[in-house]
Amino acid sequence: AAELKKTIRADVGAGVDLDEIFAEIQTRRDRQRQEAAVKGAIARHSRGEIDALELSDELNRIVSASVLPAAILPVSARLRNKQERDATRSPGQLLGYRLNRFAPIAEAIDGVQAGFYVFAGITHVGKTAFLTNIFSDLLEYNGDLFGVYFSLDDNENVIINRLLAIECGGALKINDLQRQIANPTDAGKLAAAYDKLANLADAGRFNIMDFAQIQTIEGVESVIRSYIRDGKKLVVVIDGLQNIETGKEYGGLREKNVDLAANMKRLVDVYQIPILTSVEIRKRKGSDVAEMPTIDDIMESGKYGYNANHIWIAHPDKDWDNFNERLNPSYRLTVKSAKSKISESSGSSIEIIVDRSHNKLTIEGGRQSENHSAANLARLMP
């Protein structure tokens, strides 16, 4: 290609943008290959070589394998694009999306950047509470951001109830908001919460899919592509990553999780978006049950530790008896940054008070949005 460019440039002069021409040629070639592959798959189905389910999987694979136009731009063009993006940030500004209610978390990781994020913890420790709160905060304070929440542990009503509880600001318990509300003020807050989520959904900025709608990594990628193709800025949550199917046969759970971790890394690298996930910590026994787990304790950890850009590990190590025996409605959760390729936060931790019944998280010390000055909030703008 380089020699061909030299020959063409010698004939037509320097005024022609050869990089753009070659990018368009490559795009057309990729499109032709994709069309040929689709026709081939349909022909195999017509001949009875593959059934309808296998045809669907094959079409998803073909679409997922196609190269995005941005990925085939020449290196020089990608460098210039990066230079222009970086020049728009002021000194000290976060590299990724900001958080407001959980600004200290955003500050620790230099904003929610494109990357594969893992939030790991034991059962019922607050993984879904963390993800729903961060998801809500991201959509609230980044007006150009679109979000998709894949819930592979709970059905969508469970997640919707948690999001409604967040919007009600601790006024209603998760169970209470599913009944008629006698108090007019609280009823008004719930109605406003429904309106807010519905408006976000109508604007296309909020979507939720559970296991009834999505089961495979190919399905997840197809949804991601639909947003990226339309030029939308996207954040994705996969709650219960270990439950997603890949359509492959494995020799064991560890082998599956190795493949899952590699797939997550690929999605992040190709589409350049943040993907926040939750995974289980391996069950522990004996005297160390209350101690802070490590990356090695992630259930059949495989390559999570290697492929993830950032890993949080959450454990109530400073409040174990209260958490385990449910002595109080709330408990203290230590969230440790066990690994970070995107910031200098590795080894640091933050304390969060978790109110189970209201799905409310409070950073200990009250470092929430109301304590950030206008100047600080301006600095945190993406």
# chains A, B, ... in the order shown; residues from 1 in each chain; ligands from 1
call {"tool": "select_by_dssp", "arguments": {"residues": "stretch 295-362 of chain A", "states": "strand (DSSP E or B)", "output": "list in words"}}
result
Ile298, His310, Ile311, Trp312, Ile313, Ala314, His315, Ser330, Tyr331, Arg332, Leu333, Thr334, Val335, Lys336, Ser337, Ala338, Lys339, Ser340, Ser349, Ile350, Glu351, Ile352, Ile353, Val354, Asp355, Lys360, Leu361 and Thr362 of chain A
call {"tool": "select_by_dssp", "arguments": {"residues": "stretch 155-220 of chain A", "states": "helix (DSSP H, G or I)", "output": "PyMOL selection string"}}
result
chain A and resi 156-167+176-178+184-202+217-220
call {"tool": "closest_residue", "arguments": {"among": "A:Ile342, A:Ala262, A:Leu59, A:Ile350", "to": "A:Leu95", "atoms": "only C-alpha atoms"}}
result
A:Ile342
call {"tool": "closest_atom_pairs", "arguments": {"of": "stretch 173-263 of chain A", "to": "stretch 352-366 of chain A", "cutoff": "12 Å", "atoms": "only C-alpha atoms", "output": "tab-separated table"}}
result
residue	atom	partner	partner_atom	distance
A:Lys173	CA	A:His358	CA	4.5
A:Ile174	CA	A:His358	CA	5.6
A:Asn175	CA	A:Ser357	CA	7.6
A:Asp176	CA	A:Ser357	CA	9.4
A:Leu177	CA	A:His358	CA	9.8
call {"tool": "atom_distance", "arguments": {"atom1": "atom CA of A:Tyr149", "atom2": "atom CA of A:Val236"}}
result
6.0 Å
call {"tool": "closest_residue", "arguments": {"among": "A:Ile273, A:Val148, A:Ile298, A:Ile42", "to": "A:Ser136", "atoms": "only C-alpha atoms"}}
result
A:Val148
call {"tool": "residues_around", "arguments": {"residues": "A:Ala187", "least_positions_apart": "5", "cutoff": "10 Å", "atoms": "only C-alpha atoms", "output": "mmCIF file with N, CA, C and O atoms, in the first residue's frame"}}
result
data_model
loop_
_atom_site.group_PDB
_atom_site.id
_atom_site.type_symbol
_atom_site.label_atom_id
_atom_site.label_comp_id
_atom_site.auth_asym_id
_atom_site.auth_seq_id
_atom_site.Cartn_x
_atom_site.Cartn_y
_atom_site.Cartn_z
ATOM 1 N N CYS A 168 -35.421 8.178 44.216
ATOM 2 C CA CYS A 168 -36.218 8.680 45.351
ATOM 3 C C CYS A 168 -35.344 9.191 46.486
ATOM 4 O O CYS A 168 -35.859 9.707 47.488
ATOM 5 N N ALA A 171 -35.922 8.024 50.222
ATOM 6 C CA ALA A 171 -37.228 8.275 50.849
ATOM 7 C C ALA A 171 -38.080 7.006 50.923
ATOM 8 O O ALA A 171 -38.939 6.890 51.801
ATOM 9 N N LEU A 172 -37.857 6.075 50.010
ATOM 10 C CA LEU A 172 -38.672 4.870 49.953
ATOM 11 C C LEU A 172 -37.804 3.624 49.902
ATOM 12 O O LEU A 172 -36.796 3.581 49.178
ATOM 13 N N LEU A 177 -41.813 0.855 47.487
ATOM 14 C CA LEU A 177 -42.149 1.567 46.263
ATOM 15 C C LEU A 177 -42.916 0.688 45.271
ATOM 16 O O LEU A 177 -43.387 1.175 44.238
ATOM 17 N N GLN A 180 -48.876 0.927 46.677
ATOM 18 C CA GLN A 180 -49.418 2.284 46.729
ATOM 19 C C GLN A 180 -48.762 3.051 47.868
ATOM 20 O O GLN A 180 -48.542 2.503 48.955
ATOM 21 N N ILE A 181 -48.446 4.308 47.618
ATOM 22 C CA ILE A 181 -47.773 5.148 48.602
ATOM 23 C C ILE A 181 -48.788 6.098 49.228
ATOM 24 O O ILE A 181 -49.414 6.906 48.523
ATOM 25 N N ALA A 182 -48.969 5.979 50.544
ATOM 26 C CA ALA A 182 -49.973 6.794 51.235
ATOM 27 C C ALA A 182 -49.513 8.243 51.386
ATOM 28 O O ALA A 182 -50.309 9.171 51.265
ATOM 29 N N ALA A 192 -42.083 11.089 40.085
ATOM 30 C CA ALA A 192 -41.011 11.824 39.414
ATOM 31 C C ALA A 192 -39.887 10.872 38.997
ATOM 32 O O ALA A 192 -39.279 11.042 37.932
ATOM 33 N N ALA A 193 -39.626 9.866 39.827
ATOM 34 C CA ALA A 193 -38.584 8.879 39.509
ATOM 35 C C ALA A 193 -38.968 8.080 38.265
ATOM 36 O O ALA A 193 -38.138 7.850 37.367
#
call {"tool": "atom_distance", "arguments": {"atom1": "atom CA of A:Ala191", "atom2": "atom CA of A:Gly170"}}
result
14.5 Å
call {"tool": "atom_distance", "arguments": {"atom1": "atom CA of A:Asp269", "atom2": "atom CA of A:Phe116"}}
result
9.0 Å
call {"tool": "residues_around", "arguments": {"residues": "A:Ile217", "least_positions_apart": "3", "cutoff": "10 Å", "atoms": "only C-alpha atoms", "output": "CSV table (one decimal) with all heavy atoms, in the first residue's frame"}}
result
chain,number,residue,atom,x,y,z
A,60,ASN,N,-24.5,-13.2,13.7
A,60,ASN,CA,-24.0,-12.4,14.8
A,60,ASN,C,-22.5,-12.3,14.7
A,60,ASN,O,-21.9,-11.3,14.9
A,60,ASN,CB,-24.5,-12.9,16.1
A,60,ASN,CG,-25.8,-12.3,16.5
A,60,ASN,OD1,-26.2,-11.2,16.2
A,60,ASN,ND2,-26.6,-13.1,17.2
A,61,ARG,N,-21.9,-13.5,14.5
A,61,ARG,CA,-20.4,-13.5,14.4
A,61,ARG,C,-19.9,-12.7,13.3
A,61,ARG,O,-18.9,-12.0,13.4
A,61,ARG,CB,-19.9,-15.0,14.3
A,61,ARG,CG,-18.4,-15.2,14.4
A,61,ARG,CD,-18.0,-16.5,13.9
A,61,ARG,NE,-18.3,-16.7,12.5
A,61,ARG,CZ,-17.6,-16.2,11.5
A,61,ARG,NH1,-16.6,-15.4,11.8
A,61,ARG,NH2,-17.9,-16.4,10.2
A,214,ILE,N,-31.3,-11.2,26.5
A,214,ILE,CA,-29.9,-11.4,26.1
A,214,ILE,C,-29.2,-12.5,26.8
A,214,ILE,O,-29.4,-12.6,28.1
A,214,ILE,CB,-29.1,-10.0,26.2
A,214,ILE,CG1,-28.1,-9.9,25.2
A,214,ILE,CG2,-28.5,-9.9,27.6
A,214,ILE,CD1,-28.5,-9.2,23.9
A,220,VAL,N,-24.7,-9.3,23.2
A,220,VAL,CA,-24.2,-8.0,23.9
A,220,VAL,C,-23.5,-7.2,22.8
A,220,VAL,O,-23.7,-5.9,22.7
A,220,VAL,CB,-23.3,-8.4,25.0
A,220,VAL,CG1,-22.5,-7.1,25.5
A,220,VAL,CG2,-24.1,-9.0,26.2
A,221,GLU,N,-22.6,-7.8,22.0
A,221,GLU,CA,-21.9,-7.0,21.1
A,221,GLU,C,-22.8,-6.4,20.0
A,221,GLU,O,-22.5,-5.3,19.5
A,221,GLU,CB,-20.8,-7.9,20.4
A,221,GLU,CG,-19.9,-7.1,19.4
A,221,GLU,CD,-18.7,-7.9,19.0
A,221,GLU,OE1,-18.5,-9.0,19.4
A,221,GLU,OE2,-17.8,-7.2,18.4
A,222,SER,N,-23.8,-7.1,19.6
A,222,SER,CA,-24.7,-6.6,18.6
A,222,SER,C,-25.4,-5.3,19.1
A,222,SER,O,-25.6,-4.4,18.4
A,222,SER,CB,-25.8,-7.7,18.3
A,222,SER,OG,-26.7,-7.2,17.3
A,241,LEU,N,-21.3,-11.1,35.2
A,241,LEU,CA,-20.6,-11.5,34.0
A,241,LEU,C,-20.4,-13.0,33.8
A,241,LEU,O,-20.5,-13.5,32.7
A,241,LEU,CB,-19.2,-10.8,34.0
A,241,LEU,CG,-18.3,-11.1,32.8
A,241,LEU,CD1,-18.9,-10.7,31.5
A,241,LEU,CD2,-16.9,-10.4,33.1
A,244,ILE,N,-23.0,-15.1,31.5
A,244,ILE,CA,-23.2,-14.9,30.1
A,244,ILE,C,-22.7,-16.1,29.3
A,244,ILE,O,-21.7,-16.8,29.8
A,244,ILE,CB,-22.5,-13.6,29.6
A,244,ILE,CG1,-23.1,-13.1,28.3
A,244,ILE,CG2,-21.0,-13.8,29.5
A,244,ILE,CD1,-22.6,-11.7,27.9
A,245,GLU,N,-23.4,-16.4,28.2
A,245,GLU,CA,-23.0,-17.5,27.4
A,245,GLU,C,-22.1,-17.1,26.2
A,245,GLU,O,-22.3,-16.0,25.7
A,245,GLU,CB,-24.2,-18.3,26.9
A,245,GLU,CG,-25.1,-18.8,28.0
A,245,GLU,CD,-24.4,-19.9,28.8
A,245,GLU,OE1,-23.5,-20.6,28.2
A,245,GLU,OE2,-24.7,-20.1,30.0
A,246,THR,N,-21.2,-17.9,25.8
A,246,THR,CA,-20.4,-17.6,24.7
A,246,THR,C,-20.7,-18.5,23.5
A,246,THR,O,-20.1,-18.2,22.4
A,246,THR,CB,-18.9,-17.8,25.0
A,246,THR,OG1,-18.7,-19.2,25.3
A,246,THR,CG2,-18.5,-16.9,26.2
A,247,GLY,N,-21.5,-19.5,23.6
A,247,GLY,CA,-21.9,-20.4,22.5
A,247,GLY,C,-20.8,-21.4,22.3
A,247,GLY,O,-20.8,-22.1,21.3
A,260,LEU,N,-14.2,-15.4,28.6
A,260,LEU,CA,-15.0,-14.2,28.9
A,260,LEU,C,-14.1,-13.0,29.1
A,260,LEU,O,-14.4,-11.9,28.5
A,260,LEU,CB,-15.9,-14.5,30.1
A,260,LEU,CG,-17.2,-15.1,29.9
A,260,LEU,CD1,-17.9,-15.3,31.3
A,260,LEU,CD2,-18.1,-14.3,29.0
A,263,ASN,N,-12.8,-11.8,25.8
A,263,ASN,CA,-13.9,-11.2,25.0
A,263,ASN,C,-14.2,-9.8,25.5
A,263,ASN,O,-14.4,-8.8,24.7
A,263,ASN,CB,-15.2,-12.0,25.1
A,263,ASN,CG,-15.3,-13.0,24.0
A,263,ASN,OD1,-15.4,-12.7,22.8
A,263,ASN,ND2,-15.2,-14.3,24.3
A,264,MET,N,-14.2,-9.6,26.8
A,264,MET,CA,-14.4,-8.2,27.4
A,264,MET,C,-13.3,-7.3,27.0
A,264,MET,O,-13.6,-6.1,26.6
A,264,MET,CB,-14.5,-8.3,28.9
A,264,MET,CG,-15.7,-9.0,29.5
A,264,MET,SD,-17.3,-8.1,29.0
A,264,MET,CE,-17.9,-9.3,27.8
A,267,LEU,N,-13.9,-6.3,23.3
A,267,LEU,CA,-15.0,-5.3,23.1
A,267,LEU,C,-14.5,-3.9,23.5
A,267,LEU,O,-14.8,-3.0,22.8
A,267,LEU,CB,-16.2,-5.7,24.0
A,267,LEU,CG,-16.9,-7.0,23.6
A,267,LEU,CD1,-18.1,-7.3,24.5
A,267,LEU,CD2,-17.4,-6.9,22.1
call {"tool": "closest_residue", "arguments": {"among": "A:Asn328, A:Gln242, A:Asn133, A:Gln113", "to": "A:Gln272", "atoms": "only C-alpha atoms"}}
result
A:Gln113
call {"tool": "closest_atom_pairs", "arguments": {"of": "stretch 270-354 of chain A", "to": "stretch 139-147 of chain A", "cutoff": "12 Å", "atoms": "only C-alpha atoms", "output": "Markdown table"}}
result
| residue | atom | partner | partner_atom | distance |
| --- | --- | --- | --- | --- |
| A:Ile273 | CA | A:Gly147 | CA | 10.7 |
| A:Pro274 | CA | A:Gly147 | CA | 10.1 |
| A:Ile275 | CA | A:Gly147 | CA | 10.2 |
| A:Leu276 | CA | A:Gly147 | CA | 11.0 |
call {"tool": "residues_around", "arguments": {"residues": "A:Ala106", "least_positions_apart": "3", "cutoff": "10 Å", "atoms": "only C-alpha atoms", "output": "list in words"}}
result
Leu94, Leu95, Gly96, Tyr97, Arg98, Leu99, Asn100, Arg101, Phe102, Ala103, Ile109, Asp110, Gly111, Val112, Gln113, Ile134 and Leu380 of chain A
call {"tool": "write_last_selection", "arguments": {"atoms": "all heavy atoms", "output": "CSV table (one decimal), in the first residue's frame"}}
result
chain,number,residue,atom,x,y,z
A,94,LEU,N,-10.5,15.5,34.4
A,94,LEU,CA,-10.5,14.1,34.4
A,94,LEU,C,-10.4,13.5,32.9
A,94,LEU,O,-11.0,14.1,32.0
A,94,LEU,CB,-11.8,13.5,35.0
A,94,LEU,CG,-12.0,13.8,36.5
A,94,LEU,CD1,-13.3,13.2,37.0
A,94,LEU,CD2,-10.8,13.3,37.3
A,95,LEU,N,-9.8,12.4,32.7
A,95,LEU,CA,-9.7,11.8,31.4
A,95,LEU,C,-11.0,11.1,31.0
A,95,LEU,O,-11.2,11.0,29.8
A,95,LEU,CB,-8.5,10.8,31.4
A,95,LEU,CG,-7.1,11.3,31.6
A,95,LEU,CD1,-6.1,10.2,31.6
A,95,LEU,CD2,-6.8,12.4,30.6
A,96,GLY,N,-11.8,10.6,32.0
A,96,GLY,CA,-13.0,9.9,31.6
A,96,GLY,C,-14.2,10.7,32.1
A,96,GLY,O,-14.2,11.8,32.5
A,97,TYR,N,-15.3,10.0,32.0
A,97,TYR,CA,-16.6,10.5,32.5
A,97,TYR,C,-16.6,10.8,34.0
A,97,TYR,O,-16.0,10.1,34.8
A,97,TYR,CB,-17.8,9.6,32.1
A,97,TYR,CG,-17.9,9.4,30.6
A,97,TYR,CD1,-17.7,8.1,30.1
A,97,TYR,CD2,-18.3,10.4,29.8
A,97,TYR,CE1,-17.8,7.9,28.7
A,97,TYR,CE2,-18.4,10.2,28.4
A,97,TYR,CZ,-18.2,8.9,27.9
A,97,TYR,OH,-18.3,8.7,26.6
A,98,ARG,N,-17.3,11.9,34.3
A,98,ARG,CA,-17.3,12.3,35.7
A,98,ARG,C,-18.4,11.6,36.5
A,98,ARG,O,-19.4,11.1,35.9
A,98,ARG,CB,-17.4,13.8,35.9
A,98,ARG,CG,-18.8,14.4,35.5
A,98,ARG,CD,-18.8,15.9,35.5
A,98,ARG,NE,-20.1,16.4,35.1
A,98,ARG,CZ,-20.9,17.1,36.0
A,98,ARG,NH1,-20.5,17.3,37.2
A,98,ARG,NH2,-22.1,17.5,35.6
A,99,LEU,N,-18.3,11.6,37.8
A,99,LEU,CA,-19.3,11.2,38.7
A,99,LEU,C,-19.5,12.4,39.7
A,99,LEU,O,-18.6,13.1,39.9
A,99,LEU,CB,-18.9,9.9,39.5
A,99,LEU,CG,-18.8,8.6,38.7
A,99,LEU,CD1,-18.1,7.6,39.6
A,99,LEU,CD2,-20.1,8.2,38.1
A,100,ASN,N,-20.8,12.5,40.2
A,100,ASN,CA,-21.0,13.6,41.1
A,100,ASN,C,-21.3,13.1,42.5
A,100,ASN,O,-20.6,13.5,43.4
A,100,ASN,CB,-22.2,14.5,40.5
A,100,ASN,CG,-22.2,15.9,41.1
A,100,ASN,OD1,-21.3,16.3,41.8
A,100,ASN,ND2,-23.3,16.6,40.9
A,101,ARG,N,-22.3,12.3,42.6
A,101,ARG,CA,-22.6,11.7,43.9
A,101,ARG,C,-21.5,10.9,44.4
A,101,ARG,O,-21.3,10.7,45.6
A,101,ARG,CB,-23.9,10.9,43.9
A,101,ARG,CG,-25.2,11.8,43.8
A,101,ARG,CD,-26.4,10.9,43.7
A,101,ARG,NE,-26.7,10.5,42.4
A,101,ARG,CZ,-26.9,9.2,42.0
A,101,ARG,NH1,-26.8,8.3,43.0
A,101,ARG,NH2,-27.1,8.9,40.8
A,102,PHE,N,-20.7,10.3,43.5
A,102,PHE,CA,-19.6,9.5,43.8
A,102,PHE,C,-18.3,10.0,43.2
A,102,PHE,O,-17.4,9.3,42.7
A,102,PHE,CB,-19.8,8.1,43.4
A,102,PHE,CG,-21.1,7.5,44.0
A,102,PHE,CD1,-22.2,7.5,43.3
A,102,PHE,CD2,-21.0,7.0,45.3
A,102,PHE,CE1,-23.4,7.0,43.9
A,102,PHE,CE2,-22.2,6.5,45.9
A,102,PHE,CZ,-23.4,6.5,45.2
A,103,ALA,N,-18.1,11.4,43.3
A,103,ALA,CA,-17.0,12.1,42.8
A,103,ALA,C,-15.7,11.5,43.3
A,103,ALA,O,-14.7,11.4,42.5
A,103,ALA,CB,-17.1,13.6,43.1
A,109,ILE,N,-9.9,7.3,39.9
A,109,ILE,CA,-9.6,6.5,38.7
A,109,ILE,C,-9.4,7.5,37.5
A,109,ILE,O,-9.3,7.0,36.3
A,109,ILE,CB,-10.6,5.5,38.4
A,109,ILE,CG1,-12.0,6.1,38.2
A,109,ILE,CG2,-10.6,4.4,39.5
A,109,ILE,CD1,-13.1,5.1,37.7
A,110,ASP,N,-9.3,8.8,37.7
A,110,ASP,CA,-9.2,9.8,36.7
A,110,ASP,C,-10.4,9.7,35.7
A,110,ASP,O,-10.2,9.8,34.5
A,110,ASP,CB,-7.9,9.6,35.9
A,110,ASP,CG,-7.3,11.0,35.4
A,110,ASP,OD1,-8.1,11.9,35.4
A,110,ASP,OD2,-6.1,11.0,35.1
A,111,GLY,N,-11.6,9.6,36.2
A,111,GLY,CA,-12.8,9.5,35.4
A,111,GLY,C,-13.0,8.1,34.9
A,111,GLY,O,-12.1,7.3,34.9
A,112,VAL,N,-14.3,7.8,34.5
A,112,VAL,CA,-14.6,6.5,34.0
A,112,VAL,C,-14.2,6.5,32.5
A,112,VAL,O,-15.0,6.9,31.7
A,112,VAL,CB,-16.1,6.2,34.2
A,112,VAL,CG1,-16.5,4.8,33.7
A,112,VAL,CG2,-16.5,6.3,35.7
A,113,GLN,N,-13.1,5.9,32.3
A,113,GLN,CA,-12.5,5.9,30.9
A,113,GLN,C,-12.9,4.6,30.2
A,113,GLN,O,-13.4,3.7,30.8
A,113,GLN,CB,-11.0,6.0,31.0
A,113,GLN,CG,-10.4,7.1,31.9
A,113,GLN,CD,-9.0,7.0,32.1
A,113,GLN,OE1,-8.1,6.8,31.2
A,113,GLN,NE2,-8.6,7.1,33.4
A,134,ILE,N,-23.6,3.7,40.3
A,134,ILE,CA,-22.6,4.3,39.4
A,134,ILE,C,-23.3,4.5,38.1
A,134,ILE,O,-23.1,5.6,37.4
A,134,ILE,CB,-21.4,3.4,39.3
A,134,ILE,CG1,-20.6,3.3,40.6
A,134,ILE,CG2,-20.4,4.0,38.2
A,134,ILE,CD1,-20.1,4.6,41.2
A,380,LEU,N,-14.1,18.6,37.1
A,380,LEU,CA,-14.5,17.2,36.9
A,380,LEU,C,-15.2,17.0,35.6
A,380,LEU,O,-15.5,15.9,35.2
A,380,LEU,CB,-15.3,16.7,38.1
A,380,LEU,CG,-14.6,16.7,39.4
A,380,LEU,CD1,-15.6,16.2,40.5
A,380,LEU,CD2,-13.3,16.0,39.4
call {"tool": "closest_residue", "arguments": {"among": "A:Gly219, A:Gly240, A:Pro74, A:Pro316", "to": "A:Thr128", "atoms": "only C-alpha atoms"}}
result
A:Gly240
